[in-house]
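Since the structure comes first, as structure tokens, the remarks are kept for the end.
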Amino acid sequence: METANNKRKVAIICSHGGLDEVYPALILGNAARQSGIDAFVFFTFWGLDAITTSKVDHLHVNLAGNAASGMPTILGGLPGMETLAASMMKKQMTELDLPTVKEMLQILDESGAELYACELAMKMFKRTREDLLPQVKDVITAGDFYDLAEGAQIIFT
Amino acid sequence: MDTTDTNKALAQVLARLDAIDARLDQIVDRQKKSDELFSEMTPILRDVMGTATTRLDELDKKGYFAFGREALGVADRVITGFAPEDVRQLGDAVVGILQTVRALTQPNVLEIASQASEVLEKSDQAEPLGLLGMVRATRDDDVQKGMAVMMDVMRHVGRAARAVRDEHRPSAADEKKAKLAGVLGPRKKKALGVERQLPPTVAPRAAAPANLGPPAACAVPSSKPREVAAVIDGVAFGADGHLVDPKVWTEEIAVKVAAVQGVELDESRWAVVRFARADFVATNVSPNIRRITQGTSLATKDIYTLFPKAPARTIARIAGIPKPAGCI
């Protein structure tokens, strides 16, 4: 019930850049907002790809070491396999009328969820504020994250 | 008048009669001939007509006429679909087209194509091939050769694509400018000045169930039997705060529920509620936020402005429909 959710808050950490790893973070964030829970998403390490303008439309599905993919790891490592898997997954998502990652980020932003990028990861990957999508609210440090996440439940994906 | 004159006149008359007789003979003769001709021709003509009819019938059966009609349609489309400018360009390209056609119709090329098409003809008998099969197949010399050919074709296509792109390269002046910019370095962007671009707020439109398709497959209607948790003013509500029976909904109930939800129903909110109601009646699925934005041309942001807390659920409660299912 919303009355109970009024004080709830979730902090979601997105640290991987695979299509299958970014969506859960975004869907959880969106579902939180839809349930009247405050939410923010912190993108770090490879998760930065999801909020980088040049990468957001080209996220892949992790196949190597993914036992559930049904494909032997040695084949998952073949060049092009991940692109193939990603395009298959995207096709299925279109059939389900799931928004793309970019649309999801926009929906999140519009619904009042806040998106943050990790400062250290930005330096590591040599990215600047201009490389990120306009929906990203700020570039923050781990300490800032804890300040923001005060009283929040933290979800690591 | 004397007898010599009379004789002369008679002789003239006789001569005339002779002439007439001769003409009559001629006419009769011609008539006879044409009669003969007709009697001879009739069977032949009958034959010819018969054959022609059967031939035309055969042609029709074989679909020549249908083909012709279609061909005319195609020609019509071609003519209406292309501007004279296109045709002029086609004219310029004709040499290239002819060269391509000539290259494609070389005997050895045709031989390869026909071999390949034979395989395609039998494609219904081909065994399905998995990834491992593909890897195994690459050991085959012929497959390797074929792959080499394909690679070469791809290389040429790529090269040609690059050549075409280079043709559309920017002019020398633009290149100079770019060079200059390279020397001077990039223009400094205003520090931290990246303006956030939010979609403009759309004024709420009258909610008519737009031409939306069926709801997303992930939004399944809940089939759980619903228990009555509370009866307020004779109206049964479930534990989740939604009407147990959507059919009993009235606008008065909507106003009361909205008041409990802390929402004042103004015209723009009514529009959203009516859309949700209409969409549920049409599809038997409560719309989620995404569907509401698609159906009312409101942005997600506007929905959250109108119904700040848990919009889809609040809307569903006011509209007297079940809680929306699905993750989006």
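Simple scheme: letters A, B, ... for chains in structure tokens order, numbers from 1 for residues in each chain, numbers from 1 for ligands in the order shown.
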
Rows by chain and residue number, stretch 44-134 of chain A within 12 Å of stretch 19-31 of chain A, shortest pair, only C-alpha atoms, as a Markdown table:
```
| residue | atom | partner | partner_atom | distance |
| --- | --- | --- | --- | --- |
| A:Thr44 | CA | A:Val22 | CA | 11.3 |
| A:Trp46 | CA | A:Val22 | CA | 9.7 |
| A:Gly47 | CA | A:Val22 | CA | 7.0 |
| A:Leu48 | CA | A:Val22 | CA | 9.8 |
| A:Asp49 | CA | A:Val22 | CA | 9.3 |
| A:Ala50 | CA | A:Val22 | CA | 6.9 |
| A:Ile51 | CA | A:Val22 | CA | 10.0 |
| A:Lys55 | CA | A:Leu19 | CA | 11.2 |
| A:Val56 | CA | A:Leu19 | CA | 9.4 |
| A:Asp57 | CA | A:Leu19 | CA | 9.7 |
| A:His58 | CA | A:Leu19 | CA | 8.8 |
| A:Leu59 | CA | A:Leu19 | CA | 5.3 |
| A:His60 | CA | A:Leu19 | CA | 5.3 |
| A:Val61 | CA | A:Leu19 | CA | 5.2 |
| A:Asn62 | CA | A:Asp20 | CA | 7.4 |
| A:Leu63 | CA | A:Asp20 | CA | 10.1 |
| A:Asn66 | CA | A:Asp20 | CA | 10.9 |
| A:Ala68 | CA | A:Asp20 | CA | 11.6 |
| A:Ser69 | CA | A:Asp20 | CA | 10.8 |
| A:Glu82 | CA | A:Leu19 | CA | 10.2 |
| A:Thr83 | CA | A:Leu19 | CA | 10.5 |
| A:Ala85 | CA | A:Leu19 | CA | 10.0 |
| A:Ala86 | CA | A:Leu19 | CA | 7.2 |
| A:Ser87 | CA | A:Leu19 | CA | 10.2 |
| A:Met88 | CA | A:Leu19 | CA | 11.4 |
| A:Met89 | CA | A:Leu19 | CA | 8.6 |
| A:Lys90 | CA | A:Leu19 | CA | 8.9 |
| A:Met93 | CA | A:Tyr23 | CA | 10.7 |
| A:Leu98 | CA | A:Ile27 | CA | 10.0 |
| A:Pro99 | CA | A:Tyr23 | CA | 10.0 |
| A:Thr100 | CA | A:Tyr23 | CA | 9.1 |
| A:Val101 | CA | A:Tyr23 | CA | 7.1 |
| A:Lys102 | CA | A:Leu26 | CA | 10.2 |
| A:Glu103 | CA | A:Leu26 | CA | 10.3 |
| A:Met104 | CA | A:Leu26 | CA | 6.7 |
| A:Leu105 | CA | A:Leu26 | CA | 7.2 |
| A:Gln106 | CA | A:Leu26 | CA | 10.4 |
| A:Ile107 | CA | A:Asn30 | CA | 7.7 |
| A:Leu108 | CA | A:Asn30 | CA | 5.7 |
| A:Asp109 | CA | A:Asn30 | CA | 9.3 |
| A:Glu110 | CA | A:Asn30 | CA | 10.1 |
| A:Ser111 | CA | A:Asn30 | CA | 7.7 |
| A:Gly112 | CA | A:Asn30 | CA | 9.4 |
| A:Ala113 | CA | A:Gly29 | CA | 7.1 |
| A:Glu114 | CA | A:Gly29 | CA | 9.3 |
| A:Leu115 | CA | A:Gly29 | CA | 9.9 |
```

Only C-alpha atoms, please: the residues just picked out, written as a tab-separated table (two decimals), in the first residue's frame.
```tsv
chain	number	residue	atom	x	y	z
A	44	THR	CA	29.21	2.24	-12.01
A	46	TRP	CA	30.39	-1.39	-16.96
A	47	GLY	CA	26.98	-0.16	-15.95
A	48	LEU	CA	28.16	3.23	-17.22
A	49	ASP	CA	27.62	1.90	-20.74
A	50	ALA	CA	23.87	2.02	-20.14
A	51	ILE	CA	23.96	5.80	-19.67
A	55	LYS	CA	26.82	2.77	-26.11
A	56	VAL	CA	23.26	2.63	-24.82
A	57	ASP	CA	21.82	1.30	-28.09
A	58	HIS	CA	24.52	-1.37	-28.46
A	59	LEU	CA	24.37	-3.27	-25.19
A	60	HIS	CA	25.03	-6.99	-25.52
A	61	VAL	CA	23.96	-10.09	-23.70
A	62	ASN	CA	26.60	-11.85	-21.66
A	63	LEU	CA	27.04	-15.36	-22.98
A	66	ASN	CA	26.37	-17.73	-18.42
A	68	ALA	CA	21.50	-20.28	-18.25
A	69	SER	CA	22.07	-19.09	-21.80
A	82	GLU	CA	26.79	-11.75	-28.22
A	83	THR	CA	25.49	-9.35	-30.82
A	85	ALA	CA	22.01	-13.04	-28.74
A	86	ALA	CA	21.38	-9.37	-28.00
A	87	SER	CA	19.43	-8.89	-31.22
A	88	MET	CA	17.38	-11.99	-30.47
A	89	MET	CA	16.62	-10.74	-26.99
A	90	LYS	CA	15.74	-7.28	-28.31
A	93	MET	CA	11.41	-7.54	-25.95
A	98	LEU	CA	9.19	-3.54	-23.55
A	99	PRO	CA	10.74	-0.10	-23.96
A	100	THR	CA	14.39	0.06	-25.06
A	101	VAL	CA	17.06	0.86	-22.49
A	102	LYS	CA	17.10	4.45	-23.71
A	103	GLU	CA	13.31	4.74	-23.38
A	104	MET	CA	13.42	3.09	-19.98
A	105	LEU	CA	15.94	5.67	-18.80
A	106	GLN	CA	13.71	8.45	-20.06
A	107	ILE	CA	10.65	6.92	-18.38
A	108	LEU	CA	12.64	6.59	-15.14
A	109	ASP	CA	13.73	10.21	-15.35
A	110	GLU	CA	10.20	11.41	-16.05
A	111	SER	CA	8.76	9.31	-13.27
A	112	GLY	CA	11.05	11.08	-10.83
A	113	ALA	CA	13.73	8.45	-10.34
A	114	GLU	CA	17.22	9.91	-10.27
A	115	LEU	CA	20.13	8.58	-12.29
```

Check every residue of chain A for an atom within 6 Å of chain B, counting only C-alpha atoms, and provide those that qualify as a list in words.
Gln34, Ser35, Gly36, Leu96, Asp97, Glu110, Ser111 and Pro134 of chain A

If you run DSSP on this backbone, which residues of chain A come out as alpha helix (DSSP H), and could you give them as a ChimeraX atom specification?
/A:2-5,19-34,73-76,81-95,101-111,119-124,142-148

Give the strand (DSSP E or B) residues of chain A, as DSSP finds them on the backbone, and put them as a ChimeraX atom specification.
/A:9-14,38-43,52,114-118,132,136-140,153-156

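Atom CA of A:Glu150 is found 25.7 Å from atom CA of A:Leu133.
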
Restricting the calculation to only C-alpha atoms, which member of B:Val149, B:Leu24, B:Ala325, B:Ala259 is positioned closest to B:Asn284?
B:Ala325

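With distances taken over only C-alpha atoms, A:Ser54 is the one residue among A:Gly70, A:Ala149, A:Arg33, A:Ser54 lying closest to A:Glu130.
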
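Nearest to B:Leu306 of all the residues B:Arg274, B:Arg102, B:Arg269, B:Arg162 is B:Arg269, based on only C-alpha atoms.
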